Structures are given as structure tokens and as C-alpha cells.
>>> print(open('input.cif').read())   # mmCIF, C-alpha atoms
data_my_file
loop_
_atom_site.label_atom_id
_atom_site.label_comp_id
_atom_site.auth_asym_id
_atom_site.auth_seq_id
_atom_site.Cartn_x
_atom_site.Cartn_y
_atom_site.Cartn_z
CA MET R 234 17.62 7.82 1.97
CA ASN R 235 19.12 9.45 -1.12
CA VAL R 236 16.68 8.95 -3.92
CA ASP R 237 18.27 8.03 -7.26
CA ALA R 238 16.79 6.70 -10.50
CA GLN R 239 17.20 3.05 -9.48
CA LEU R 240 15.43 3.63 -6.17
CA MET R 241 12.67 5.55 -7.93
CA GLU R 242 12.03 2.56 -10.20
CA HIS R 243 11.75 0.19 -7.21
CA MET R 244 9.47 2.67 -5.38
CA MET R 245 7.15 3.24 -8.32
CA ASN R 246 7.12 -0.37 -9.53
CA PRO R 247 8.21 -2.72 -6.75
CA LYS R 248 9.29 -6.01 -8.30
CA ASN R 249 7.74 -9.30 -7.12
CA TYR R 250 5.30 -7.62 -4.71
CA GLY R 251 2.35 -9.83 -3.76
CA THR R 252 1.84 -13.53 -3.19
CA LEU R 253 2.33 -16.61 -5.39
CA GLU R 254 -0.67 -18.64 -6.49
CA ARG R 255 1.24 -21.78 -5.52
CA SER R 256 4.19 -21.51 -3.15
CA ASP R 257 6.40 -24.27 -1.75
CA ALA R 258 7.51 -22.31 1.31
CA GLN R 259 7.17 -19.03 3.11
CA GLY R 260 9.42 -17.21 5.55
CA ILE R 261 8.94 -14.22 7.80
CA GLY R 262 11.34 -11.50 8.93
CA LYS R 263 10.01 -9.44 11.80
CA ASN R 264 10.90 -6.29 13.69
CA PRO R 265 9.88 -7.00 17.32
CA GLU R 266 10.13 -3.28 18.15
CA ASN R 267 7.20 -2.14 16.03
CA GLY R 268 5.52 -5.22 14.53
CA GLU R 269 6.73 -4.50 10.99
CA LYS R 270 7.34 -7.63 8.97
CA VAL R 271 8.18 -9.09 5.59
CA VAL R 272 6.76 -12.33 4.22
CA ILE R 273 8.60 -14.11 1.40
CA TYR R 274 6.85 -16.67 -0.81
CA LEU R 275 8.96 -19.16 -2.77
CA ARG R 276 8.34 -21.54 -5.62
CA VAL R 277 11.29 -23.90 -5.70
CA GLY R 278 12.65 -25.77 -8.69
CA THR R 279 15.24 -28.55 -8.68
CA ASP R 280 18.23 -28.52 -10.98
CA GLU R 281 20.71 -31.44 -10.74
CA ASP R 282 19.55 -32.11 -7.17
CA GLN R 283 20.21 -28.52 -6.16
CA PRO R 284 17.05 -26.56 -5.29
CA TYR R 285 16.76 -23.08 -6.77
CA ILE R 286 14.28 -20.21 -6.61
CA ASP R 287 11.99 -20.62 -9.57
CA ASP R 288 9.70 -17.78 -8.52
CA ILE R 289 9.55 -15.42 -5.57
CA ALA R 290 7.18 -12.82 -4.15
CA PHE R 291 7.02 -10.73 -1.02
CA GLN R 292 4.62 -8.66 1.02
CA ALA R 293 5.47 -6.16 3.70
CA ILE R 294 4.00 -4.34 6.62
CA GLY R 295 6.54 -1.58 6.74
CA CYS R 296 7.90 1.56 5.18
CA THR R 297 8.96 2.43 1.63
CA THR R 298 12.57 1.46 2.44
CA THR R 299 11.41 -2.07 3.28
CA VAL R 300 9.52 -2.33 0.00
CA VAL R 301 12.55 -1.08 -1.96
CA ALA R 302 14.82 -3.57 -0.14
CA GLY R 303 12.31 -6.37 -0.83
CA SER R 304 12.08 -5.44 -4.48
CA MET R 305 15.87 -5.38 -4.92
CA LEU R 306 16.69 -8.52 -2.94
CA THR R 307 13.96 -10.67 -4.46
CA GLU R 308 15.10 -9.63 -7.94
CA GLU R 309 18.63 -10.73 -7.09
CA ALA R 310 17.46 -13.99 -5.50
CA LYS R 311 15.29 -15.10 -8.41
CA GLY R 312 16.95 -17.97 -10.27
CA LEU R 313 19.68 -18.55 -7.67
CA ASN R 314 20.24 -21.98 -6.16
CA PHE R 315 20.10 -22.23 -2.35
CA ASN R 316 23.88 -21.86 -1.97
CA GLY R 317 23.68 -18.69 -4.03
CA VAL R 318 20.79 -17.44 -1.89
CA ARG R 319 22.75 -18.07 1.32
CA ASN R 320 25.72 -16.13 -0.13
CA LEU R 321 23.37 -13.29 -1.08
CA ILE R 322 21.95 -13.18 2.46
CA GLU R 323 25.45 -13.19 3.96
CA ALA R 324 26.59 -10.39 1.67
CA THR R 325 23.49 -8.35 2.56
CA MET R 326 24.05 -8.84 6.29
CA LYS R 327 27.67 -7.67 5.91
CA LEU R 328 26.47 -4.48 4.21
CA LEU R 329 24.13 -3.56 7.05
CA GLU R 330 26.69 -1.83 9.25
CA ARG R 331 27.38 0.64 6.44
CA LEU R 332 23.71 1.67 6.27
CA PRO R 333 21.80 4.15 8.43
CA PRO R 334 19.97 2.26 11.25
CA GLU R 335 16.46 2.56 9.78
CA ASP R 336 17.67 1.31 6.37
CA ALA R 337 19.70 -1.47 8.00
CA ALA R 338 16.66 -2.71 9.94
CA CYS R 339 14.54 -2.82 6.76
CA SER R 340 17.16 -4.66 4.69
CA GLU R 341 17.86 -7.09 7.53
CA MET R 342 14.14 -7.88 7.77
CA VAL R 343 14.03 -8.82 4.06
CA ALA R 344 17.25 -10.86 4.22
CA LEU R 345 16.00 -12.77 7.28
CA ALA R 346 12.64 -13.45 5.63
CA LEU R 347 14.48 -14.91 2.64
CA GLY R 348 16.61 -17.09 4.94
CA ALA R 349 13.49 -18.17 6.83
CA ALA R 350 11.78 -19.16 3.56
CA ILE R 351 14.59 -21.44 2.38
CA ASP R 352 15.00 -22.90 5.89
CA THR R 353 11.24 -23.60 5.98
CA TYR R 354 11.52 -25.30 2.58
CA GLU R 355 14.35 -27.52 3.78
CA LYS R 356 12.55 -28.43 7.02
CA ARG R 357 9.45 -29.36 5.02
CA LEU R 358 11.42 -31.90 3.02
CA ASP R 359 11.38 -34.02 6.21
CA ASP R 360 8.14 -32.76 7.73
CA SER R 361 5.56 -31.37 5.30
CA ASP R 362 3.62 -29.73 8.16
CA TYR R 363 6.59 -27.78 9.47
CA PRO R 364 5.36 -24.28 10.40
CA VAL R 365 6.54 -21.12 8.64
CA ILE R 366 9.78 -19.95 10.25
CA THR R 367 10.04 -16.38 11.61
CA TYR R 368 13.35 -14.67 12.32
CA LYS R 369 13.57 -11.44 14.29
CA ILE R 370 15.93 -8.62 13.39
CA VAL R 371 18.63 -7.36 15.74
CA ASN R 372 19.13 -3.92 14.15
CA SER R 373 16.97 -1.16 15.56
CA CYS R 374 14.83 1.09 13.40
CA VAL R 375 15.39 3.90 15.88
CA PRO R 376 18.67 5.84 15.55
CA LYS R 377 21.10 5.22 18.46
CA GLU R 378 20.79 8.77 19.86
CA GLU R 379 17.02 8.32 20.30
CA ASN R 380 17.60 4.95 21.96
CA LYS R 381 20.04 6.56 24.37
CA ASP R 382 17.46 9.23 25.27
CA GLU R 383 14.90 6.56 26.02
CA GLU R 384 17.33 4.72 28.28
CA ILE R 385 18.10 7.93 30.19
CA LYS R 386 14.36 8.57 30.71
CA MET Y 285 -19.25 -12.24 -7.07
CA LYS Y 286 -15.74 -12.34 -5.65
CA THR Y 287 -14.24 -11.79 -9.10
CA VAL Y 288 -16.60 -8.88 -9.74
CA MET Y 289 -15.55 -7.32 -6.45
CA ILE Y 290 -11.83 -7.73 -7.25
CA LYS Y 291 -12.30 -6.30 -10.77
CA THR Y 292 -14.29 -3.39 -9.32
CA HIS Y 293 -11.50 -2.73 -6.79
CA GLU Y 294 -9.01 -2.62 -9.68
CA ALA Y 295 -11.28 -0.40 -11.81
CA TRP Y 296 -11.77 2.01 -8.88
CA LEU Y 297 -7.99 2.43 -8.44
CA GLU Y 298 -7.35 2.65 -12.17
CA MET Y 299 -9.97 5.41 -12.49
CA LEU Y 300 -8.49 7.22 -9.49
CA MET Y 301 -5.02 7.07 -11.07
CA ALA Y 302 -6.48 8.50 -14.30
CA GLY Y 303 -7.89 11.35 -12.19
CA PHE Y 304 -4.44 12.05 -10.74
CA MET Y 305 -2.87 12.07 -14.21
CA SER Y 306 -5.36 14.47 -15.76
CA ARG Y 307 -4.65 18.18 -15.74
CA THR Y 308 -7.87 19.30 -17.37
CA GLU Y 309 -11.60 19.37 -16.68
CA ASN Y 310 -11.47 15.55 -17.10
CA LYS Y 311 -9.97 15.31 -13.60
CA GLN Y 312 -13.15 15.93 -11.62
CA VAL Y 313 -15.21 13.57 -13.81
CA LEU Y 314 -12.63 10.81 -13.31
CA PHE Y 315 -12.57 11.41 -9.55
CA ASP Y 316 -16.38 11.29 -9.42
CA PHE Y 317 -16.40 8.03 -11.40
CA SER Y 318 -13.75 6.54 -9.12
CA ASP Y 319 -15.91 7.45 -6.11
CA ILE Y 320 -18.88 5.68 -7.73
CA LEU Y 321 -16.74 2.59 -8.38
CA PHE Y 322 -15.61 2.59 -4.75
CA ARG Y 323 -19.27 2.61 -3.71
CA HIS Y 324 -19.94 -0.30 -6.11
CA PHE Y 325 -17.09 -2.09 -4.39
CA THR Y 326 -18.73 -1.61 -0.98
CA TRP Y 327 -22.13 -2.76 -2.31
CA LEU Y 328 -20.53 -5.92 -3.69
CA GLU Y 329 -18.63 -6.48 -0.47
CA ASN Y 330 -21.85 -6.18 1.50
CA GLU Y 331 -23.46 -8.71 -0.83
CA LEU Y 332 -20.65 -11.19 -0.15
CA ILE Y 333 -21.01 -10.68 3.60
CA GLU Y 334 -24.77 -11.29 3.38
CA LEU Y 335 -24.14 -14.45 1.38
CA GLY Y 336 -21.63 -15.57 4.03
CA GLU Y 337 -18.80 -15.86 1.49
CA SER Y 338 -15.22 -15.26 2.54
CA TYR Y 339 -13.31 -12.64 0.59
CA SER Y 340 -10.19 -10.51 0.73
CA TYR Y 341 -8.89 -7.23 -0.68
CA ASP Y 342 -6.24 -9.04 -2.76
CA ARG Y 343 -6.03 -7.88 -6.36
CA ASP Y 344 -3.66 -7.93 -9.31
CA THR Y 345 -1.00 -5.34 -10.02
CA ILE Y 346 -2.54 -2.54 -12.08
CA PRO Y 347 -0.34 -1.25 -14.90
CA VAL Y 348 -1.07 2.47 -15.33
CA LYS Y 349 2.12 3.84 -16.90
CA VAL Y 350 0.91 5.44 -20.12
CA GLU Y 351 1.95 8.33 -22.34
CA ARG Y 352 -1.57 9.43 -23.26
CA LEU Y 353 -4.71 9.45 -21.13
CA SER Y 354 -6.67 7.70 -23.88
CA ASP Y 355 -4.45 4.60 -23.48
CA LEU Y 356 -5.51 4.25 -19.86
CA LEU Y 357 -9.13 5.11 -20.58
CA ASN Y 358 -9.25 2.30 -23.17
CA ASN Y 359 -7.91 -0.11 -20.52
CA ILE Y 360 -10.54 1.09 -18.06
CA ILE Y 361 -13.30 0.60 -20.64
CA LYS Y 362 -12.06 -2.98 -21.20
CA ARG Y 363 -12.12 -3.60 -17.45
CA LEU Y 364 -15.63 -2.15 -17.14
CA ASN Y 365 -16.75 -4.44 -19.98
CA GLU Y 366 -15.36 -7.44 -18.09
CA ILE Y 367 -17.25 -6.39 -14.95
CA ASP Y 368 -20.41 -5.86 -16.98
CA LEU Y 369 -20.16 -9.41 -18.39
CA GLN Y 370 -19.45 -11.00 -15.02
CA LEU Y 371 -22.39 -9.21 -13.41
CA LEU Y 372 -24.67 -11.46 -15.50
CA SER Y 373 -23.84 -14.45 -13.30
CA SER Y 374 -24.41 -12.57 -10.05
CA PRO Y 375 -27.39 -13.42 -7.77
CA ASP Y 376 -28.66 -9.90 -6.85
CA LYS Y 377 -30.20 -8.82 -10.14
CA ALA Y 378 -31.42 -5.44 -8.83
CA LEU Y 379 -27.93 -4.46 -7.61
CA ASP Y 380 -26.39 -5.70 -10.84
CA ALA Y 381 -28.81 -3.64 -12.93
CA ARG Y 382 -27.93 -0.51 -10.94
CA ILE Y 383 -24.20 -1.10 -11.33
CA ALA Y 384 -24.51 -1.98 -15.02
CA SER Y 385 -26.42 1.25 -15.67
CA ASP Y 386 -23.57 3.30 -14.12
CA LEU Y 387 -20.96 1.35 -16.08
CA HIS Y 388 -22.72 1.96 -19.40
CA TYR Y 389 -22.85 5.69 -18.77
CA MET Y 390 -19.20 5.83 -17.66
CA LYS Y 391 -18.04 3.98 -20.78
CA GLU Y 392 -19.85 6.46 -23.03
CA VAL Y 393 -18.27 9.43 -21.25
CA LEU Y 394 -14.77 7.89 -21.20
CA LYS Y 395 -14.97 7.14 -24.94
CA ASP Y 396 -15.56 10.83 -25.71
CA MET Y 397 -13.12 12.25 -23.20
CA LYS Y 398 -10.57 14.71 -24.59
CA ASP Y 399 -7.11 13.15 -24.78
CA GLU Y 400 -4.16 14.45 -22.74
CA VAL Y 401 -0.40 13.95 -22.77
CA ILE Y 402 0.63 12.35 -19.45
CA THR Y 403 3.64 13.57 -17.45
CA ALA Y 404 2.80 11.77 -14.20
CA PHE Y 405 5.56 9.17 -14.69
CA ASN Y 406 8.45 11.31 -15.99
CA THR Y 407 10.30 11.08 -12.59
CA GLU Y 408 11.46 14.70 -12.93
CA ARG Y 409 10.53 15.29 -9.29
CA LYS Y 410 9.91 19.00 -9.85
CA PHE Y 411 6.91 20.60 -8.23
CA PRO Y 412 5.40 23.13 -10.68
CA GLY Y 413 6.51 26.68 -9.92
CA LEU Y 414 8.81 25.57 -7.14
CA GLU Y 415 12.58 25.16 -6.72
CA LEU Y 416 13.32 22.77 -3.85
CA THR Y 417 16.75 21.72 -2.56
CA GLN Y 418 17.79 18.11 -3.24
CA GLU Y 419 17.23 17.28 0.43
CA ALA Y 420 13.73 18.77 0.45
CA THR Y 421 12.91 17.02 -2.83
CA ASP Y 422 14.03 13.64 -1.43
CA ALA Y 423 12.05 14.22 1.78
CA LEU Y 424 8.94 15.16 -0.19
CA THR Y 425 9.35 12.14 -2.50
CA LEU Y 426 9.57 9.69 0.41
CA PHE Y 427 6.69 11.39 2.21
CA LEU Y 428 4.43 11.10 -0.83
CA PHE Y 429 5.22 7.40 -1.34
CA GLU Y 430 4.72 6.58 2.35
CA GLU Y 431 1.56 8.57 2.80
CA THR Y 432 -0.17 7.69 -0.49
CA TYR Y 433 0.09 4.02 0.47
CA LYS Y 434 -0.82 4.75 4.11
CA GLU Y 435 -4.02 6.59 3.18
CA TYR Y 436 -5.06 3.75 0.85
CA GLU Y 437 -4.29 1.26 3.62
CA LEU Y 438 -6.43 3.26 6.08
CA ILE Y 439 -9.35 3.41 3.63
CA MET Y 440 -9.23 -0.37 3.27
CA ILE Y 441 -8.95 -0.97 7.04
CA TYR Y 442 -11.78 1.40 8.01
CA ASN Y 443 -13.91 0.10 5.17
CA TYR Y 444 -13.45 -3.49 6.32
CA LEU Y 445 -14.20 -2.58 9.92
CA LYS Y 446 -17.30 -0.68 8.84
CA ALA Y 447 -18.48 -3.53 6.61
CA HIS Y 448 -18.29 -5.91 9.57
CA SER Y 449 -19.84 -3.67 12.22
CA ASN Y 450 -23.48 -2.98 13.07
CA ASP Y 451 -22.60 -0.33 15.63
CA ALA Y 452 -23.96 3.01 14.34
CA TYR Y 453 -21.66 5.08 16.57
CA MET Y 454 -18.54 3.30 15.36
CA ASN Y 455 -19.71 3.32 11.76
CA ARG Y 456 -20.13 7.10 11.83
CA ILE Y 457 -16.51 7.36 12.99
CA PHE Y 458 -15.26 4.86 10.39
CA GLN Y 459 -17.08 6.72 7.62
CA ILE Y 460 -15.57 10.10 8.59
CA LEU Y 461 -12.12 8.50 8.73
CA ILE Y 462 -12.67 6.98 5.27
CA ASP Y 463 -13.72 10.39 3.91
CA GLU Y 464 -10.70 12.09 5.50
CA SER Y 465 -8.33 9.47 4.13
CA PHE Y 466 -9.83 9.90 0.66
CA PHE Y 467 -9.14 13.64 0.82
CA HIS Y 468 -5.53 13.00 1.84
CA LEU Y 469 -5.06 10.26 -0.75
CA LYS Y 470 -6.33 12.57 -3.48
CA SER Y 471 -4.10 15.44 -2.28
CA PHE Y 472 -0.95 13.29 -2.14
CA GLY Y 473 -1.73 11.43 -5.38
CA ASP Y 474 -2.18 14.75 -7.17
CA MET Y 475 1.15 15.98 -5.83
CA GLY Y 476 2.84 12.73 -6.86
CA ALA Y 477 1.47 13.08 -10.39
CA LYS Y 478 2.66 16.70 -10.61
CA MET Y 479 6.16 15.57 -9.56
CA GLY Y 480 6.14 12.74 -12.11
CA ILE Y 481 6.27 9.96 -9.51
CA LEU Y 482 2.74 8.58 -9.57
CA ALA Y 483 2.39 4.95 -8.50
CA VAL Y 484 -0.50 2.63 -7.61
CA PRO Y 485 -0.46 1.82 -3.87
CA ARG Y 486 0.62 -1.73 -3.15
CA VAL Y 487 -1.83 -4.43 -2.05
CA VAL Y 488 -2.66 -4.28 1.67
CA MET Y 489 -1.82 -7.43 3.64
CA LYS Y 490 -4.85 -9.28 5.02
CA GLU Y 491 -3.77 -9.18 8.65
CA LEU Y 492 -3.81 -5.38 8.57
CA TYR Y 493 -7.51 -5.03 7.76
CA GLN Y 494 -8.79 -8.28 9.23
CA VAL Y 495 -8.18 -6.68 12.62
CA GLU Y 496 -8.21 -9.13 15.51
CA ASP Y 497 -7.73 -6.65 18.34
CA VAL Y 498 -9.60 -3.42 17.60
CA VAL Y 499 -8.50 -1.77 20.86
CA GLN Y 500 -4.83 -2.32 20.06
CA PHE Y 501 -5.42 -1.22 16.48
CA LEU Y 502 -6.94 2.08 17.69
CA LYS Y 503 -4.12 2.64 20.20
CA ASP Y 504 -1.49 2.00 17.51
CA GLY Y 505 -3.47 4.20 15.13
CA ILE Y 506 -3.37 7.15 17.52
CA ASP Y 507 0.42 6.72 17.86
CA GLU Y 508 0.75 6.60 14.08
CA GLU Y 509 -1.29 9.78 13.70
CA LEU Y 510 0.99 11.51 16.22
CA ALA Y 511 4.01 10.33 14.20
CA ALA Y 512 2.37 11.57 10.99
CA LYS Y 513 1.93 15.00 12.59
CA GLU Y 514 5.68 15.06 13.27
CA GLU Y 515 6.42 14.09 9.66
CA CYS Y 516 4.18 16.90 8.38
CA LYS Y 517 5.90 19.35 10.73
CA LYS Y 518 9.36 18.28 9.54
CA LEU Y 519 8.31 18.52 5.91
CA SER Y 520 6.73 21.93 6.44
CA GLU Y 521 10.02 23.16 7.91
CA ALA Y 522 12.03 21.58 5.09
CA VAL Y 523 10.06 23.35 2.34
CA SER Y 524 9.16 26.60 4.14
CA LYS Y 525 12.10 28.59 2.74
CA ASP Y 526 11.38 27.60 -0.86
CA SER Y 527 7.61 27.50 -0.65
CA PRO Y 528 5.60 29.07 2.17
CA GLU Y 529 2.48 27.89 0.30
CA LEU Y 530 3.51 24.21 0.40
CA ALA Y 531 4.60 24.62 4.04
CA LYS Y 532 1.12 25.92 4.88
CA PHE Y 533 -0.41 22.89 3.15
CA PHE Y 534 1.63 20.50 5.33
CA ASP Y 535 0.71 22.51 8.44
CA PHE Y 536 -2.92 22.11 7.39
CA ILE Y 537 -2.51 18.34 6.99
CA ASN Y 538 -0.69 18.25 10.35
CA HIS Y 539 -3.63 19.96 12.06
CA GLN Y 540 -6.11 17.73 10.24
CA GLU Y 541 -4.54 14.74 11.98
CA ASN Y 542 -6.09 16.17 15.19
CA TYR Y 543 -9.52 15.17 13.84
CA HIS Y 544 -8.30 11.61 13.31
CA ILE Y 545 -6.80 11.45 16.79
CA SER Y 546 -10.01 12.79 18.30
CA LEU Y 547 -12.17 10.32 16.34
CA MET Y 548 -9.95 7.37 17.20
CA THR Y 549 -9.88 8.40 20.86
CA ASP Y 550 -13.71 8.51 20.84
CA ALA Y 551 -13.82 5.12 19.10
CA LEU Y 552 -11.38 3.66 21.64
CA GLU Y 553 -13.45 4.99 24.55
CA HIS Y 554 -16.71 3.70 23.02
CA TYR Y 555 -15.24 0.31 22.14
CA THR Y 556 -13.63 -0.17 25.55
CA LYS Y 557 -16.84 0.89 27.33
CA ASP Y 558 -18.87 -1.46 25.14
CA LYS Y 559 -16.51 -4.37 25.80
CA ASN Y 560 -16.49 -3.76 29.56
CA ALA Y 561 -20.29 -3.35 29.82
#
>>> encode(input="input.cif", output="C-alpha cells")
Amino acid sequence: MNVDAQLMEHMMNPKNYGTLERSDAQGIGKNPENGEKVVIYLRVGTDEDQPYIDDIAFQAIGCTTTVVAGSMLTEEAKGLNFNGVRNLIEATMKLLERLPPEDAACSEMVALALGAAIDTYEKRLDDSDYPVITYKIVNSCVPKEENKDEEIK
Amino acid sequence: MKTVMIKTHEAWLEMLMAGFMSRTENKQVLFDFSDILFRHFTWLENELIELGESYSYDRDTIPVKVERLSDLLNNIIKRLNEIDLQLLSSPDKALDARIASDLHYMKEVLKDMKDEVITAFNTERKFPGLELTQEATDALTLFLFEETYKEYELIMIYNYLKAHSNDAYMNRIFQILIDESFFHLKSFGDMGAKMGILAVPRVVMKELYQVEDVVQFLKDGIDEELAAKEECKKLSEAVSKDSPELAKFFDFINHQENYHISLMTDALEHYTKDKNA
């Protein structure tokens, strides 16, 4: 990771890190390879029948890159309606192939947690006991060369 | 009691951060005070366990970015005053009196502490007396962020395990691991402050310290220590050209991980034996 001023700010002062005192939904993004995960907490508002993210927080079991990705993505998601959030997730997923594998896995985990949180919210409109949704990432944290070595062994 | 424990947790970290920021004789005093506050935290935790009250290590974000040390010391004094007030409603009067006595002394010392200009947040990322390449600087920056948090996380995990264990053998191991992690946390925090990138470690998620499977935790921990050794080795190689001194420090940390691996292996053996008996 190249460290620039913007990244430094997110590393030193991650935005929206923690939990919400009152949340309407949670979502989890998980890396099945190593157990790392991101949990997103949402407080949802309604504006002209369109739900939007009134407040958002996240926690992570993961590396600094995951925390930076969580800080950036939650900042961008705050205030967006659900259509906007889905566009943001789609745009993030499209960016992944341009990132190094370990960074892609971290960003994917955050994007999936965000998607899981809004999906959980929508499911709970019909069933208030609907469990928190977890999505698993497909990108690997381990660079391809290392994966290849493991396969050969 | 829960609130007092949370406030004490915050005061401990705030005092520790002040220790990292200081570049004068204040540093050791602040470190000693932070150690005392950590011990208060464990006393209060033990009290909650005895009372059968549930608790967590959740806490608020602690703002520490200041230009002068006195600004942070004033915030710490305010926090200590809050703790002092809340102790009044606590059930163990003897413990509260002991803690209050420490707090009163600390406040007096902090009030008279010589002020300092703080450079721990200037993000210059220059290690004093050292010219590192951009690549080595980036690697060192990421290492310090990862490991400062990791050491804090380990302190919280081992502390929780120790608080909930009556096994003297395991508790000896947990205590050594806590002490080792404190040394590393202080080393990395100091380096972060010198490079102008000091930050308070983030809150540790409950499921990390409320360990359900201790055997798996120890196995994973040994793997993580082995990975940390590799990181130290890489970093040592990255900085060796520019600073043999810094490279030696990372080699030292690398070899220190052998203690942790040995302790965790002993703990794993003891725990497995105990479970199978």
C-alpha cells in the first residue's frame, strides 16, 4: 500500500469506527480463509419512502487496510439512499480487479458487509427476527503466486 | 462500577498516549501513571466479576490530538475527576479509597508538569537521525499501525483470559504475555510518536477477547507470532542499509517472539492436558 496523506488520516483517525447505540440492521462481510471480518451497523432514515443511511458504524477483525477501507466506504455511504448505496457497492466491486489481492480482499469485505446490512434491513421489514446476513468474499488475501505454491505442495 | 471501569480504561490509554508524546523526563512519570491506571482497571474488572455483573471492553473514541502536552494533561485531569466522583457510588469502599488516593496524587503531579510542544501528530514520517527510502518508510508506517493495535489487542485478550481463570499455571503465562505485549506496545507507540503518526488503538471486538475456544485461540496465536517474526525480518532487511541500529531492533523483536511462541506452546500443552484429564 502506498501511504499518502489521505490514507494517513484514515489510519490515524478511522471514521465511523465502533458500534451504534441504536442500530436498525447489521451486516457482516467475512474472509473464510482467515476468519477476518467486518461488521456494519446501520441506522436507517426514511425520506419520501426511500430508506437512506442516517448513521453508520463499523468494526473489523482485520488489518489496517481493512480499517482504512471501512473508514472510506462508510464515509461515502453516510447519507445515501439505498439505491445510492447499491451503486457505491457496485462501483467498489468493479474497482477490485485493479487493486493488489490483499487490498482487494479487504475492500470487498467492507463492500459485502455494507450490502449485507441493507439486505438485512430490507428482510426485517417483513420479518423483524430475520438474522444478520453474512456474505463471504471471493478475492483471496494471499497473492496468486503463493496460492500456486500451495497447490503444487 | 461499569462506567468507572470504562472511564478508567480510557484514562489509562490517554495517559499512555501522553507518555508516547512526551520527549522529556515527564515520559517515565506518565508511563508509570498509565501502568497504575491499568492496574486500577484490572481491580475494577475483578470487582465486577465478583459481583457477577456482565461487562465488556467497549469504550468511547479518545481524542488525543493536541499541540501542547498541557492540553492533554488537562483532559486527563478532567477524566480523573469524573472517575473520582463516580467512585463515590461504588460498593467496595476500601478499593475506592485506594484508587481515589492514587488519583489525587496523579492530579497534583499532572497539574505541575512542565509543558511540551507536541510533534507526535505532524505526519512527517521521519525517524529522527534517519533517512529511509519511501518504500521503507511506508513499510515501517504500516508495521507500526498494525503492531500497535495488535499489542493492545493481545493485552486485552490475555487480561480477559487471566481475569476469568483460576489456573495459576495459565495465569503466570498470561501475565508474562501481558508484560511482553506492554513492552512492545510502548516501543512501537514511541516510534509512532517520533514519526508523527501516533494514534490510539481502535476498540477490540468482543468476540476476540471473549474467547470461546482457547485451544484454537492458542493455535492461531502461535501462527500469528510466526507471521510477526516474518514481518520483523522483512522490516529489518528493508531498513538495514539506512539504519543498522533500527534493523537490530527489529531482529531483537523478531527473536522476542520466540518467548511468546514458547509460552503459548506451553499453555496449549497444559490446556489440552487439563481438558483431556
>>> resolve_selection(input="input.cif", expression="the PyMOL selection byres ((chain Y) within 8 of (chain R))", output="PyMOL selection string")
chain Y and resi 407+422+426+429-430+481-484+486-487+489
>>> atom_distance(input="input.cif", atom1="atom CA of Arg343 of chain Y", atom2="atom CA of His468 of chain Y")
22.4 Å
>>> atom_distance(input="input.cif", atom1="atom CA of Ser354 of chain Y", atom2="atom CA of Asp399 of chain Y")
5.5 Å
>>> atom_distance(input="input.cif", atom1="atom CA of Met301 of chain Y", atom2="atom CA of Val350 of chain Y")
10.9 Å
>>> resolve_selection(input="input.cif", expression="the PyMOL selection byres ((chain R and resi 355) around 12)", output="ChimeraX atom specification")
/R:257-260,275,277,283-285,315,348-354,356-366
>>> residues_near_point(input="input.cif", point="(-8.1, 2.9, -15.7)", cutoff="9 Å", atoms="only C-alpha atoms", output="NGL selection string")
:Y and (294-302 or 346-348 or 355-363)
>>> resolve_selection(input="input.cif", expression="the PyMOL selection byres ((chain R and resi 303) around 9)", output="PDB file with C-alpha atoms, in the frame of the given file")
ATOM      1  CA  PRO R 247       8.210  -2.720  -6.750  1.00  0.00           C
ATOM      2  CA  LYS R 248       9.290  -6.010  -8.300  1.00  0.00           C
ATOM      3  CA  ASN R 249       7.740  -9.300  -7.120  1.00  0.00           C
ATOM      4  CA  TYR R 250       5.300  -7.620  -4.710  1.00  0.00           C
ATOM      5  CA  VAL R 271       8.180  -9.090   5.590  1.00  0.00           C
ATOM      6  CA  ILE R 273       8.600 -14.110   1.400  1.00  0.00           C
ATOM      7  CA  ALA R 290       7.180 -12.820  -4.150  1.00  0.00           C
ATOM      8  CA  PHE R 291       7.020 -10.730  -1.020  1.00  0.00           C
ATOM      9  CA  GLN R 292       4.620  -8.660   1.020  1.00  0.00           C
ATOM     10  CA  ALA R 293       5.470  -6.160   3.700  1.00  0.00           C
ATOM     11  CA  THR R 298      12.570   1.460   2.440  1.00  0.00           C
ATOM     12  CA  THR R 299      11.410  -2.070   3.280  1.00  0.00           C
ATOM     13  CA  VAL R 300       9.520  -2.330   0.000  1.00  0.00           C
ATOM     14  CA  VAL R 301      12.550  -1.080  -1.960  1.00  0.00           C
ATOM     15  CA  ALA R 302      14.820  -3.570  -0.140  1.00  0.00           C
ATOM     16  CA  SER R 304      12.080  -5.440  -4.480  1.00  0.00           C
ATOM     17  CA  MET R 305      15.870  -5.380  -4.920  1.00  0.00           C
ATOM     18  CA  LEU R 306      16.690  -8.520  -2.940  1.00  0.00           C
ATOM     19  CA  THR R 307      13.960 -10.670  -4.460  1.00  0.00           C
ATOM     20  CA  GLU R 308      15.100  -9.630  -7.940  1.00  0.00           C
ATOM     21  CA  CYS R 339      14.540  -2.820   6.760  1.00  0.00           C
ATOM     22  CA  SER R 340      17.160  -4.660   4.690  1.00  0.00           C
ATOM     23  CA  MET R 342      14.140  -7.880   7.770  1.00  0.00           C
ATOM     24  CA  VAL R 343      14.030  -8.820   4.060  1.00  0.00           C
ATOM     25  CA  ALA R 344      17.250 -10.860   4.220  1.00  0.00           C
TER      26      ALA R 344
END
>>> build_atoms(input="input.cif", residues="segment 284-294 of chain R", atoms="N, CA and C atoms", output="JSON list (two decimals), keeping the file's coordinate frame")
[["chain", "number", "residue", "atom", "x", "y", "z"],
["R", 284, "PRO", "N", 18.24, -27.41, -5.16],
["R", 284, "PRO", "CA", 17.05, -26.56, -5.29],
["R", 284, "PRO", "C", 17.41, -25.12, -5.66],
["R", 285, "TYR", "N", 16.54, -24.50, -6.43],
["R", 285, "TYR", "CA", 16.76, -23.08, -6.77],
["R", 285, "TYR", "C", 15.42, -22.34, -6.74],
["R", 286, "ILE", "N", 15.50, -21.01, -6.68],
["R", 286, "ILE", "CA", 14.28, -20.21, -6.61],
["R", 286, "ILE", "C", 13.72, -20.01, -8.02],
["R", 287, "ASP", "N", 12.63, -20.69, -8.26],
["R", 287, "ASP", "CA", 11.99, -20.62, -9.57],
["R", 287, "ASP", "C", 11.15, -19.34, -9.66],
["R", 288, "ASP", "N", 10.46, -19.03, -8.56],
["R", 288, "ASP", "CA", 9.70, -17.78, -8.52],
["R", 288, "ASP", "C", 9.65, -17.30, -7.08],
["R", 289, "ILE", "N", 9.51, -16.00, -6.93],
["R", 289, "ILE", "CA", 9.55, -15.42, -5.57],
["R", 289, "ILE", "C", 8.62, -14.21, -5.51],
["R", 290, "ALA", "N", 8.00, -14.02, -4.35],
["R", 290, "ALA", "CA", 7.18, -12.82, -4.15],
["R", 290, "ALA", "C", 7.32, -12.41, -2.69],
["R", 291, "PHE", "N", 6.97, -11.18, -2.41],
["R", 291, "PHE", "CA", 7.02, -10.73, -1.02],
["R", 291, "PHE", "C", 5.90, -9.74, -0.73],
["R", 292, "GLN", "N", 5.54, -9.68, 0.54],
["R", 292, "GLN", "CA", 4.62, -8.66, 1.02],
["R", 292, "GLN", "C", 5.23, -8.04, 2.28],
["R", 293, "ALA", "N", 4.86, -6.82, 2.55],
["R", 293, "ALA", "CA", 5.47, -6.16, 3.70],
["R", 293, "ALA", "C", 4.47, -5.32, 4.47],
["R", 294, "ILE", "N", 4.62, -5.36, 5.78],
["R", 294, "ILE", "CA", 4.00, -4.34, 6.62],
["R", 294, "ILE", "C", 5.18, -3.50, 7.07]]
